[in-house]
>>> print(open('coords-v4.cif').read())   # mmCIF, C-alpha atoms
data_final
#
loop_
_atom_site.label_atom_id
_atom_site.label_comp_id
_atom_site.auth_asym_id
_atom_site.auth_seq_id
_atom_site.Cartn_x
_atom_site.Cartn_y
_atom_site.Cartn_z
CA MET A 14 -52.63 -17.94 -31.06
CA LYS A 15 -49.49 -18.82 -32.97
CA ILE A 16 -47.01 -20.83 -30.91
CA ARG A 17 -43.58 -19.26 -30.91
CA ALA A 18 -40.19 -20.40 -29.68
CA ASN A 19 -40.36 -18.19 -26.60
CA HIS A 20 -43.61 -19.85 -25.52
CA LEU A 21 -41.96 -23.29 -25.49
CA THR A 22 -38.88 -21.99 -23.69
CA ALA A 23 -40.97 -20.31 -21.00
CA LEU A 24 -43.13 -23.43 -20.68
CA ARG A 25 -40.03 -25.55 -20.19
CA ILE A 26 -38.83 -23.35 -17.33
CA ILE A 27 -42.26 -23.27 -15.67
CA LEU A 28 -42.80 -27.05 -15.81
CA LEU A 29 -39.33 -28.17 -14.72
CA PRO A 30 -40.21 -28.29 -10.99
CA LEU A 31 -42.74 -31.06 -11.70
CA PRO A 32 -40.26 -33.80 -12.73
CA TYR A 33 -37.84 -32.54 -10.08
CA PHE A 34 -40.22 -33.41 -7.25
CA LEU A 35 -41.25 -36.66 -8.96
CA LEU A 36 -37.64 -37.86 -8.81
CA TYR A 37 -38.00 -38.17 -5.05
CA GLY A 38 -40.89 -40.62 -5.38
CA GLY A 39 -40.88 -44.33 -6.10
CA ASN A 40 -40.08 -46.03 -9.39
CA ARG A 41 -43.43 -45.11 -10.93
CA ALA A 42 -42.93 -41.47 -10.06
CA LYS A 43 -39.42 -41.61 -11.50
CA ILE A 44 -40.76 -43.09 -14.74
CA VAL A 45 -43.21 -40.20 -15.00
CA ALA A 46 -40.34 -37.81 -14.23
CA LEU A 47 -38.26 -39.40 -16.98
CA LEU A 48 -41.10 -39.02 -19.48
CA ALA A 49 -41.60 -35.41 -18.40
CA PHE A 50 -37.89 -34.68 -18.79
CA THR A 51 -37.97 -36.28 -22.25
CA ILE A 52 -40.89 -34.13 -23.37
CA LEU A 53 -39.35 -30.98 -21.92
CA GLY A 54 -36.03 -31.85 -23.53
CA LEU A 55 -37.76 -32.18 -26.90
CA THR A 56 -39.14 -28.66 -26.49
CA ASP A 57 -35.54 -27.46 -26.57
CA TYR A 58 -35.24 -28.92 -30.07
CA LEU A 59 -38.65 -27.64 -31.12
CA ASP A 60 -38.09 -24.08 -29.97
CA GLY A 61 -34.88 -24.10 -32.00
CA LEU A 62 -36.86 -25.07 -35.09
CA LEU A 63 -39.43 -22.37 -34.42
CA ALA A 64 -36.72 -19.78 -33.84
CA ARG A 65 -35.14 -20.63 -37.19
CA ARG A 66 -38.54 -20.47 -38.88
CA ASP A 67 -39.80 -17.24 -37.34
CA GLY A 68 -36.49 -15.61 -36.45
CA SER A 69 -34.94 -15.36 -33.02
CA THR A 70 -35.78 -12.58 -30.58
CA PRO A 71 -33.67 -10.89 -27.88
CA LEU A 72 -35.87 -12.51 -25.23
CA GLY A 73 -35.41 -15.92 -26.82
CA ARG A 74 -31.64 -15.53 -26.97
CA LEU A 75 -31.74 -14.64 -23.28
CA LEU A 76 -34.11 -17.37 -22.09
CA ASP A 77 -32.95 -20.39 -24.08
CA PRO A 78 -29.49 -20.86 -22.52
CA ILE A 79 -30.93 -20.10 -19.09
CA ALA A 80 -33.60 -22.77 -19.59
CA ASP A 81 -30.97 -25.32 -20.68
CA LYS A 82 -28.85 -24.70 -17.60
CA ILE A 83 -31.83 -24.84 -15.25
CA PHE A 84 -32.80 -28.14 -16.91
CA ILE A 85 -29.39 -29.57 -16.04
CA ALA A 86 -29.63 -28.29 -12.47
CA VAL A 87 -33.06 -29.84 -12.00
CA THR A 88 -31.81 -33.22 -13.24
CA LEU A 89 -28.28 -33.55 -11.85
CA ILE A 90 -28.76 -32.09 -8.38
CA PRO A 91 -31.49 -34.60 -7.37
CA LEU A 92 -29.40 -37.45 -8.78
CA ALA A 93 -26.52 -36.34 -6.57
CA ASP A 94 -28.82 -35.82 -3.59
CA LEU A 95 -30.26 -39.33 -3.98
CA GLY A 96 -26.78 -40.82 -4.12
CA ILE A 97 -27.14 -41.97 -7.72
CA LEU A 98 -24.37 -39.68 -8.95
CA PRO A 99 -21.33 -38.74 -6.85
CA LEU A 100 -21.04 -35.08 -5.97
CA TRP A 101 -17.44 -34.96 -7.19
CA ILE A 102 -18.76 -35.46 -10.73
CA VAL A 103 -21.71 -33.08 -10.49
CA TRP A 104 -19.81 -30.18 -8.89
CA PRO A 105 -17.26 -29.68 -11.73
CA ILE A 106 -20.07 -29.65 -14.30
CA PHE A 107 -21.64 -26.63 -12.65
CA PHE A 108 -18.23 -25.07 -12.08
CA ARG A 109 -17.72 -25.18 -15.83
CA GLU A 110 -21.16 -23.72 -16.57
CA PHE A 111 -20.80 -20.73 -14.26
CA LEU A 112 -17.16 -20.10 -15.17
CA VAL A 113 -17.72 -20.18 -18.92
CA THR A 114 -20.75 -17.89 -18.75
CA GLU A 115 -18.79 -15.33 -16.76
CA LEU A 116 -15.77 -15.55 -19.08
CA ARG A 117 -18.05 -15.00 -22.06
CA ARG A 118 -19.33 -11.87 -20.35
CA PHE A 119 -15.80 -10.53 -20.00
CA CYS A 120 -15.16 -11.18 -23.68
CA MET A 121 -18.44 -9.55 -24.62
CA ALA A 122 -17.54 -6.47 -22.59
CA SER A 123 -14.32 -6.25 -24.61
CA LYS A 124 -16.27 -6.70 -27.85
CA ARG A 125 -14.70 -10.10 -28.43
CA GLN A 126 -17.48 -12.38 -29.55
CA LEU A 127 -17.23 -16.00 -28.49
CA ARG A 128 -19.71 -18.03 -30.47
CA VAL A 129 -21.17 -21.19 -29.01
CA THR A 130 -19.07 -24.05 -30.35
CA GLU A 131 -20.47 -27.20 -31.91
CA LEU A 132 -19.09 -29.23 -29.02
CA ALA A 133 -20.88 -26.97 -26.53
CA LYS A 134 -24.17 -27.64 -28.32
CA ILE A 135 -23.48 -31.36 -28.23
CA LYS A 136 -22.58 -31.03 -24.54
CA THR A 137 -26.02 -29.68 -23.66
CA ALA A 138 -27.80 -32.55 -25.42
CA LEU A 139 -25.39 -35.07 -23.92
CA GLN A 140 -26.04 -33.80 -20.40
CA MET A 141 -29.79 -34.19 -20.89
CA VAL A 142 -29.51 -37.67 -22.40
CA GLY A 143 -26.78 -38.75 -19.98
CA ALA A 144 -28.88 -37.87 -16.95
CA GLY A 145 -31.74 -39.90 -18.41
CA LEU A 146 -29.52 -42.93 -19.03
CA VAL A 147 -28.19 -42.74 -15.48
CA LEU A 148 -31.73 -42.66 -14.15
CA ILE A 149 -32.79 -45.60 -16.33
CA THR A 150 -29.80 -47.63 -15.16
CA ASP A 151 -30.62 -46.90 -11.53
CA MET A 152 -34.32 -47.75 -11.91
CA PHE A 153 -33.79 -50.94 -13.94
CA PRO A 154 -30.55 -52.57 -12.74
CA ASP A 155 -31.09 -55.65 -14.93
CA LYS A 156 -30.04 -53.39 -17.87
CA SER A 157 -32.80 -54.68 -20.18
CA VAL A 158 -34.52 -51.31 -20.53
CA LEU A 159 -31.20 -49.51 -20.99
CA ILE A 160 -30.03 -51.91 -23.72
CA ALA A 161 -33.40 -51.77 -25.48
CA PHE A 162 -33.46 -47.98 -25.40
CA LEU A 163 -29.90 -47.57 -26.67
CA SER A 164 -30.37 -50.23 -29.36
CA GLY A 165 -33.51 -48.53 -30.62
CA ALA A 166 -31.88 -45.11 -30.54
CA LEU A 167 -28.84 -46.44 -32.40
CA LEU A 168 -30.95 -48.11 -35.11
CA ALA A 169 -33.06 -44.98 -35.58
CA THR A 170 -29.95 -42.82 -35.79
CA LEU A 171 -28.34 -45.22 -38.28
CA PHE A 172 -31.39 -45.07 -40.55
CA LEU A 173 -31.36 -41.29 -40.32
CA ALA A 174 -27.62 -41.19 -41.01
CA VAL A 175 -27.99 -43.39 -44.10
CA GLY A 176 -30.73 -41.13 -45.43
CA LEU A 177 -28.69 -38.00 -44.81
CA TYR A 178 -25.59 -39.52 -46.39
CA TRP A 179 -27.62 -40.61 -49.43
CA ARG A 180 -28.98 -37.08 -49.79
CA ASP A 181 -25.89 -34.99 -48.97
CA GLY A 182 -22.99 -37.33 -49.65
CA HIS A 183 -21.53 -36.76 -46.19
CA LEU A 184 -22.44 -36.82 -42.51
CA SER A 185 -22.31 -33.76 -40.28
CA THR A 186 -20.00 -33.65 -37.29
CA ARG A 187 -23.02 -33.68 -35.01
CA MET A 188 -24.38 -36.88 -36.59
CA GLN A 189 -20.98 -38.59 -36.44
CA THR A 190 -20.67 -37.64 -32.78
CA ALA A 191 -24.17 -38.91 -32.01
CA LEU A 192 -23.43 -42.27 -33.63
CA SER A 193 -20.10 -42.60 -31.82
CA LEU A 194 -21.62 -41.79 -28.44
CA LEU A 195 -24.54 -44.19 -28.95
CA ILE A 196 -22.18 -47.01 -29.90
CA LEU A 197 -20.00 -46.23 -26.89
CA GLY A 198 -23.02 -46.04 -24.60
CA LEU A 199 -24.35 -49.37 -25.84
CA ALA A 200 -20.95 -51.04 -25.44
CA VAL A 201 -20.68 -49.73 -21.89
CA GLY A 202 -24.18 -50.97 -21.12
CA LEU A 203 -23.45 -54.44 -22.44
CA VAL A 204 -20.10 -54.94 -20.74
CA LEU A 205 -20.23 -53.24 -17.34
CA ARG A 206 -22.28 -53.67 -14.18
CA PRO A 207 -24.99 -51.08 -13.35
CA SER A 208 -22.89 -49.19 -10.79
CA GLN A 209 -19.99 -49.08 -13.24
CA ILE A 210 -22.30 -47.99 -16.05
CA ILE A 211 -23.53 -45.01 -14.03
CA ILE A 212 -20.00 -43.87 -13.20
CA THR A 213 -18.84 -44.36 -16.80
CA TYR A 214 -21.75 -42.40 -18.25
CA ALA A 215 -21.17 -39.67 -15.68
CA LEU A 216 -17.45 -39.49 -16.50
CA ILE A 217 -18.19 -39.25 -20.23
CA MET A 218 -20.66 -36.46 -19.51
CA LEU A 219 -18.14 -34.69 -17.28
CA GLY A 220 -15.28 -35.08 -19.75
CA ILE A 221 -17.17 -33.63 -22.70
CA THR A 222 -18.54 -30.85 -20.50
CA LEU A 223 -15.05 -29.81 -19.42
CA VAL A 224 -13.50 -30.15 -22.87
CA SER A 225 -16.29 -28.07 -24.41
CA GLY A 226 -15.29 -25.19 -22.14
CA SER A 227 -11.61 -25.22 -23.05
CA ARG A 228 -11.87 -22.63 -25.83
CA TYR A 229 -13.76 -20.23 -23.59
CA LEU A 230 -11.11 -20.72 -20.91
CA VAL A 231 -8.22 -20.07 -23.29
CA VAL A 232 -9.76 -16.87 -24.65
CA GLY A 233 -11.72 -15.60 -21.66
CA LEU A 234 -9.35 -16.19 -18.74
CA PRO A 235 -6.56 -13.95 -20.12
CA GLU A 236 -9.19 -11.29 -20.73
CA CYS A 237 -10.26 -11.55 -17.10
CA LEU A 238 -6.68 -11.40 -15.83
CA ARG A 239 -5.96 -8.43 -18.05
CA ARG A 240 -8.67 -6.48 -16.24
CA GLY A 241 -6.99 -6.99 -12.87
CA LEU A 242 -8.40 -7.47 -9.38
CA PRO A 243 -11.90 -6.02 -9.99
CA ALA A 244 -12.53 -8.60 -12.71
CA ALA A 245 -11.10 -11.39 -10.57
CA GLY A 246 -13.39 -10.32 -7.73
CA ARG A 247 -16.39 -10.31 -10.03
CA LEU A 248 -15.47 -13.76 -11.34
CA THR A 249 -15.12 -15.11 -7.81
CA ALA A 250 -18.41 -13.56 -6.73
CA SER A 251 -20.24 -15.22 -9.61
CA LEU A 252 -18.89 -18.64 -8.65
CA ILE A 253 -18.81 -18.76 -4.89
CA LEU A 254 -22.50 -18.83 -3.91
CA PRO A 255 -23.81 -21.53 -6.29
CA LEU A 256 -20.74 -23.74 -5.99
CA LEU A 257 -20.62 -23.44 -2.22
CA SER A 258 -24.32 -24.30 -2.08
CA ILE A 259 -23.67 -27.51 -4.01
CA ALA A 260 -20.66 -28.38 -1.86
CA LEU A 261 -22.70 -27.93 1.34
CA MET A 262 -25.61 -29.99 0.03
CA PRO A 263 -24.61 -33.21 1.88
CA LEU A 264 -24.67 -31.26 5.16
CA ALA A 265 -28.10 -29.74 4.53
CA PRO A 266 -31.19 -31.19 6.22
CA LYS A 267 -33.39 -33.47 4.17
CA GLY A 268 -35.68 -31.60 1.81
CA MET A 269 -33.49 -28.52 1.44
CA THR A 270 -32.01 -29.57 -1.88
CA SER A 271 -34.77 -27.61 -3.57
CA LEU A 272 -33.14 -24.45 -2.21
CA VAL A 273 -29.87 -25.44 -3.87
CA VAL A 274 -31.66 -25.93 -7.19
CA LEU A 275 -33.44 -22.60 -6.76
CA ILE A 276 -30.14 -20.84 -6.03
CA LEU A 277 -28.61 -22.35 -9.16
CA ALA A 278 -31.62 -21.37 -11.25
CA LEU A 279 -31.55 -17.80 -9.94
CA GLU A 280 -27.81 -17.52 -10.47
CA PHE A 281 -28.08 -18.84 -14.02
CA GLY A 282 -30.84 -16.34 -14.67
CA GLY A 283 -28.78 -13.58 -13.09
CA GLN A 284 -25.78 -14.38 -15.26
CA GLY A 285 -27.95 -14.33 -18.35
CA LEU A 286 -29.35 -10.93 -17.45
CA GLU A 287 -25.86 -9.63 -16.65
CA MET A 288 -24.68 -10.71 -20.10
CA TRP A 289 -27.64 -8.88 -21.60
CA THR A 290 -26.76 -5.68 -19.71
CA VAL A 291 -23.23 -5.85 -21.11
CA GLN A 292 -24.43 -6.56 -24.63
CA GLU A 293 -27.05 -3.80 -24.61
CA ARG A 294 -24.90 -1.41 -22.55
CA LYS A 295 -27.51 -1.06 -19.83
CA ILE A 296 -26.91 -0.35 -16.16
CA ASP A 297 -24.69 -3.00 -14.57
CA ILE A 298 -25.64 -3.92 -11.01
CA SER A 299 -23.21 -6.80 -10.57
CA TRP A 300 -21.47 -4.73 -7.89
CA ILE A 301 -24.44 -5.58 -5.65
CA LYS A 302 -23.44 -9.23 -5.81
CA ILE A 303 -19.84 -8.43 -4.89
CA ARG A 304 -20.58 -6.01 -2.05
CA ILE A 305 -23.86 -7.29 -0.63
CA LEU A 306 -24.92 -10.76 -1.79
CA VAL A 307 -21.69 -12.68 -1.28
CA PRO A 308 -20.65 -11.01 2.01
CA GLY A 309 -24.19 -11.35 3.39
CA ALA A 310 -24.45 -15.03 2.53
CA LEU A 311 -20.97 -15.86 3.82
CA LEU A 312 -21.64 -13.91 7.01
CA SER A 313 -24.75 -16.01 7.65
CA LEU A 314 -22.69 -19.19 7.22
CA VAL A 315 -19.81 -18.10 9.45
CA SER A 316 -21.97 -16.59 12.17
CA GLY A 317 -24.28 -19.60 12.13
CA TYR A 318 -21.32 -21.93 12.49
CA VAL A 319 -19.83 -19.93 15.36
CA LEU A 320 -23.12 -19.71 17.25
CA TYR A 321 -24.82 -23.01 16.47
CA GLY A 322 -22.47 -25.25 14.46
CA PHE A 323 -22.85 -26.56 10.93
CA GLU A 324 -26.15 -28.25 11.69
CA ARG A 325 -27.92 -24.89 11.72
CA ALA A 326 -25.41 -22.84 9.76
CA VAL A 327 -25.96 -24.66 6.46
CA PRO A 328 -29.77 -24.24 6.30
CA ALA A 329 -29.38 -20.61 7.41
CA PHE A 330 -26.87 -20.05 4.61
CA LEU A 331 -29.17 -21.65 2.03
CA TRP A 332 -32.18 -19.61 3.13
CA VAL A 333 -30.25 -16.33 3.24
CA THR A 334 -28.61 -17.02 -0.13
CA THR A 335 -31.96 -17.86 -1.69
CA GLY A 336 -33.52 -14.67 -0.39
CA LEU A 337 -30.62 -12.51 -1.56
CA CYS A 338 -30.60 -14.17 -4.99
CA ILE A 339 -34.34 -13.61 -5.37
CA CYS A 340 -33.94 -9.91 -4.57
CA TYR A 341 -31.03 -9.59 -6.99
CA THR A 342 -32.97 -11.34 -9.75
CA VAL A 343 -36.03 -9.16 -9.20
CA VAL A 344 -33.89 -6.04 -9.60
CA ASN A 345 -32.26 -7.44 -12.74
CA VAL A 346 -35.62 -8.40 -14.24
CA GLY A 347 -36.95 -4.94 -13.42
CA ILE A 348 -34.07 -3.33 -15.29
CA TYR A 349 -34.66 -5.65 -18.24
CA CYS A 350 -38.41 -4.95 -18.37
CA ARG A 351 -37.86 -1.21 -18.08
CA ALA A 352 -35.36 -1.26 -20.93
CA VAL A 353 -37.68 -3.34 -23.12
CA CYS A 354 -40.62 -1.01 -22.44
CA ARG A 355 -38.50 2.01 -23.28
CA THR A 356 -37.30 0.40 -26.50
CA GLN A 357 -40.83 -0.53 -27.57
CA GLY A 358 -42.07 2.95 -26.71
CA PHE A 359 -39.29 4.48 -28.77
CA VAL A 360 -40.07 2.24 -31.74
CA ARG A 361 -43.78 3.06 -31.55
CA GLY A 362 -42.98 6.75 -31.30
CA GLN A 363 -40.80 6.55 -34.38
CA GLY A 364 -43.58 4.74 -36.23
CA ALA A 365 -46.14 7.37 -35.22
CA ARG A 366 -43.91 10.17 -36.52
CA ARG A 367 -43.64 8.45 -39.85
#
>>> encode(input="coords-v4.cif", output="structure tokens")
Amino acid sequence: MKIRANHLTALRIILLPLPYFLLYGGNRAKIVALLAFTILGLTDYLDGLLARRDGSTPLGRLLDPIADKIFIAVTLIPLADLGILPLWIVWPIFFREFLVTELRRFCMASKRQLRVTELAKIKTALQMVGAGLVLITDMFPDKSVLIAFLSGALLATLFLAVGLYWRDGHLSTRMQTALSLLILGLAVGLVLRPSQIIITYALIMLGITLVSGSRYLVVGLPECLRRGLPAAGRLTASLILPLLSIALMPLAPKGMTSLVVLILALEFGGQGLEMWTVQERKIDISWIKIRILVPGALLSLVSGYVLYGFERAVPAFLWVTTGLCICYTVVNVGIYCRAVCRTQGFVRGQGARR
């Protein structure tokens, strides 16, 4: 069977829980998790190559950004849960991801295409690499492994840059950015202490993440405001459950972080499917989120707090939110599968007539 880009993307999503659980083990387990994350991160590059070779598909265009966002959730949330990264850095990263995706949907509904910027592509790679560097720094506080890794990566990138410059006469923006970030990362690793290195890497990651969303904010937010209160309600509904889940994570009992990751994964998947419904002009069920999901989840939190206090309210909220998100995703996937089957049936019917 010929391996296609969609196979690698689906494999990446399926295998991501493995390194997630390994992060909660000892140093050996974390090393295995780091290797697994590296391999899964490389599949993101490989499926891009395969997509360019064989041509992209609607399913691939749907799955690839979802897989990237789930990857970030599976890496950053455990790092925050373990106290390696502060929550005040992790939370804005996910705020940006959910906000930008929703703003892009508003623009798409108005037939205003917002292409993924070069900085946004760099941002995704930087988040993956940055999480790995943070983990390396935490596991090996003597900095030897970090310095060796960054030095090797910088030398390899320099050799590649020289070859590309010799061939093309110039360096791409992506290559220049990669060299600059590697030099900066190495300088930070040489000068600062491990705790300072982690914060600095995290701030760089956060800064580029936020800056990469500025164009979407400038174009998409006015479009949202132009649509009035219904659009504002939809925007709020898309943000409140995942971001509240992250904010409540420190209050959740031990072991319930996996529910937060699952909620984020389901919400990312839901947003991707909602964008597809807008693009393909299929039935839009986002009203279910506004009228049922969000009120139901918030009701479980408030009622749990009133009756039992936060100690029981937070896990109840996470369980209820997870269940509601699963139901919503199942409905969305059902709509997608039905539309795909109808499209394929139509194409086959047209072929038979010919």
>>> closest_residue(input="coords-v4.cif", among="A:Leu95, A:Met141, A:Leu306, A:Cys120", to="Lys267 of chain A", atoms="only C-alpha atoms")
A:Leu95
>>> closest_atom_pairs(input="coords-v4.cif", of="segment 77-152 of chain A", to="segment 45-52 of chain A", cutoff="10 Å", atoms="all atoms listed in the file", output="JSON lines")
{"residue": "A:Phe84", "atom": "CA", "partner": "A:Phe50", "partner_atom": "CA", "distance": 8.5}
{"residue": "A:Val87", "atom": "CA", "partner": "A:Phe50", "partner_atom": "CA", "distance": 9.6}
{"residue": "A:Thr88", "atom": "CA", "partner": "A:Phe50", "partner_atom": "CA", "distance": 8.4}
{"residue": "A:Met141", "atom": "CA", "partner": "A:Phe50", "partner_atom": "CA", "distance": 8.4}
{"residue": "A:Val142", "atom": "CA", "partner": "A:Thr51", "partner_atom": "CA", "distance": 8.6}
{"residue": "A:Ala144", "atom": "CA", "partner": "A:Leu47", "partner_atom": "CA", "distance": 9.5}
{"residue": "A:Gly145", "atom": "CA", "partner": "A:Leu47", "partner_atom": "CA", "distance": 6.7}
{"residue": "A:Leu146", "atom": "CA", "partner": "A:Leu47", "partner_atom": "CA", "distance": 9.6}
{"residue": "A:Leu148", "atom": "CA", "partner": "A:Leu47", "partner_atom": "CA", "distance": 7.8}
{"residue": "A:Ile149", "atom": "CA", "partner": "A:Leu47", "partner_atom": "CA", "distance": 8.3}
>>> closest_atom_pairs(input="coords-v4.cif", of="segment 225-281 of chain A", to="segment 17-30 of chain A", cutoff="10 Å", atoms="all atoms listed in the file", output="Markdown table")
| residue | atom | partner | partner_atom | distance |
| --- | --- | --- | --- | --- |
| A:Ser271 | CA | A:Pro30 | CA | 9.2 |
| A:Val274 | CA | A:Pro30 | CA | 9.6 |
| A:Leu275 | CA | A:Pro30 | CA | 9.8 |
| A:Ala278 | CA | A:Ile26 | CA | 9.6 |
>>> residues_around(input="coords-v4.cif", residues="Ser251 of chain A", least_positions_apart="4", cutoff="9 Å", atoms="only C-alpha atoms", output="PyMOL selection string")
chain A and resi 111-112+115+246-247+255+280+284+299+302-303+307
>>> closest_residue(input="coords-v4.cif", among="A:Gly317, A:Pro91, A:Gly198, A:Gly268", to="Tyr33 of chain A", atoms="all atoms listed in the file")
A:Pro91
>>> atom_distance(input="coords-v4.cif", atom1="atom CA of Gly283 of chain A", atom2="atom CA of Cys338 of chain A")
8.3 Å
>>> closest_residue(input="coords-v4.cif", among="A:Leu168, A:Ala326, A:Ile79, A:Ile85", to="Ile106 of chain A", atoms="only C-alpha atoms")
A:Ile85
>>> atom_distance(input="coords-v4.cif", atom1="atom CA of Ile97 of chain A", atom2="atom CA of Gly143 of chain A")
12.7 Å
>>> atom_distance(input="coords-v4.cif", atom1="atom CA of Leu205 of chain A", atom2="atom CA of Leu132 of chain A")
26.7 Å
>>> residues_around(input="coords-v4.cif", residues="segment 171-181 of chain A", least_positions_apart="6", cutoff="9 Å", atoms="only C-alpha atoms", output="MDAnalysis selection string")
chainID A and resid 188:189 192
>>> build_atoms(input="coords-v4.cif", residues="segment 138-153 of chain A", atoms="N, CA and C atoms", output="PDB file, in the coordinates of the input")
ATOM      1  N   ALA A 138     -26.971 -31.371 -25.121  1.00  0.00           N
ATOM      2  CA  ALA A 138     -27.800 -32.550 -25.420  1.00  0.00           C
ATOM      3  C   ALA A 138     -27.292 -33.773 -24.673  1.00  0.00           C
ATOM      4  N   LEU A 139     -25.974 -33.912 -24.599  1.00  0.00           N
ATOM      5  CA  LEU A 139     -25.390 -35.070 -23.920  1.00  0.00           C
ATOM      6  C   LEU A 139     -25.720 -35.053 -22.427  1.00  0.00           C
ATOM      7  N   GLN A 140     -25.695 -33.884 -21.816  1.00  0.00           N
ATOM      8  CA  GLN A 140     -26.040 -33.800 -20.400  1.00  0.00           C
ATOM      9  C   GLN A 140     -27.481 -34.243 -20.160  1.00  0.00           C
ATOM     10  N   MET A 141     -28.382 -33.807 -21.035  1.00  0.00           N
ATOM     11  CA  MET A 141     -29.790 -34.190 -20.890  1.00  0.00           C
ATOM     12  C   MET A 141     -29.970 -35.692 -21.061  1.00  0.00           C
ATOM     13  N   VAL A 142     -29.375 -36.231 -22.128  1.00  0.00           N
ATOM     14  CA  VAL A 142     -29.510 -37.670 -22.400  1.00  0.00           C
ATOM     15  C   VAL A 142     -28.770 -38.483 -21.345  1.00  0.00           C
ATOM     16  N   GLY A 143     -27.577 -38.018 -20.966  1.00  0.00           N
ATOM     17  CA  GLY A 143     -26.780 -38.750 -19.980  1.00  0.00           C
ATOM     18  C   GLY A 143     -27.489 -38.881 -18.646  1.00  0.00           C
ATOM     19  N   ALA A 144     -28.134 -37.803 -18.208  1.00  0.00           N
ATOM     20  CA  ALA A 144     -28.880 -37.870 -16.950  1.00  0.00           C
ATOM     21  C   ALA A 144     -30.018 -38.876 -17.049  1.00  0.00           C
ATOM     22  N   GLY A 145     -30.672 -38.922 -18.214  1.00  0.00           N
ATOM     23  CA  GLY A 145     -31.740 -39.900 -18.410  1.00  0.00           C
ATOM     24  C   GLY A 145     -31.236 -41.324 -18.391  1.00  0.00           C
ATOM     25  N   LEU A 146     -30.089 -41.574 -19.020  1.00  0.00           N
ATOM     26  CA  LEU A 146     -29.520 -42.930 -19.030  1.00  0.00           C
ATOM     27  C   LEU A 146     -29.100 -43.360 -17.625  1.00  0.00           C
ATOM     28  N   VAL A 147     -28.557 -42.432 -16.873  1.00  0.00           N
ATOM     29  CA  VAL A 147     -28.190 -42.740 -15.480  1.00  0.00           C
ATOM     30  C   VAL A 147     -29.423 -43.121 -14.679  1.00  0.00           C
ATOM     31  N   LEU A 148     -30.488 -42.375 -14.877  1.00  0.00           N
ATOM     32  CA  LEU A 148     -31.730 -42.660 -14.150  1.00  0.00           C
ATOM     33  C   LEU A 148     -32.320 -44.006 -14.565  1.00  0.00           C
ATOM     34  N   ILE A 149     -32.291 -44.311 -15.850  1.00  0.00           N
ATOM     35  CA  ILE A 149     -32.790 -45.600 -16.330  1.00  0.00           C
ATOM     36  C   ILE A 149     -31.980 -46.748 -15.730  1.00  0.00           C
ATOM     37  N   THR A 150     -30.664 -46.588 -15.713  1.00  0.00           N
ATOM     38  CA  THR A 150     -29.800 -47.630 -15.160  1.00  0.00           C
ATOM     39  C   THR A 150     -30.085 -47.855 -13.678  1.00  0.00           C
ATOM     40  N   ASP A 151     -30.335 -46.778 -12.961  1.00  0.00           N
ATOM     41  CA  ASP A 151     -30.620 -46.900 -11.530  1.00  0.00           C
ATOM     42  C   ASP A 151     -31.982 -47.549 -11.286  1.00  0.00           C
ATOM     43  N   MET A 152     -32.971 -47.212 -12.109  1.00  0.00           N
ATOM     44  CA  MET A 152     -34.320 -47.750 -11.910  1.00  0.00           C
ATOM     45  C   MET A 152     -34.434 -49.212 -12.341  1.00  0.00           C
ATOM     46  N   PHE A 153     -33.693 -49.580 -13.395  1.00  0.00           N
ATOM     47  CA  PHE A 153     -33.790 -50.940 -13.940  1.00  0.00           C
ATOM     48  C   PHE A 153     -32.392 -51.563 -13.976  1.00  0.00           C
TER      49      PHE A 153
END
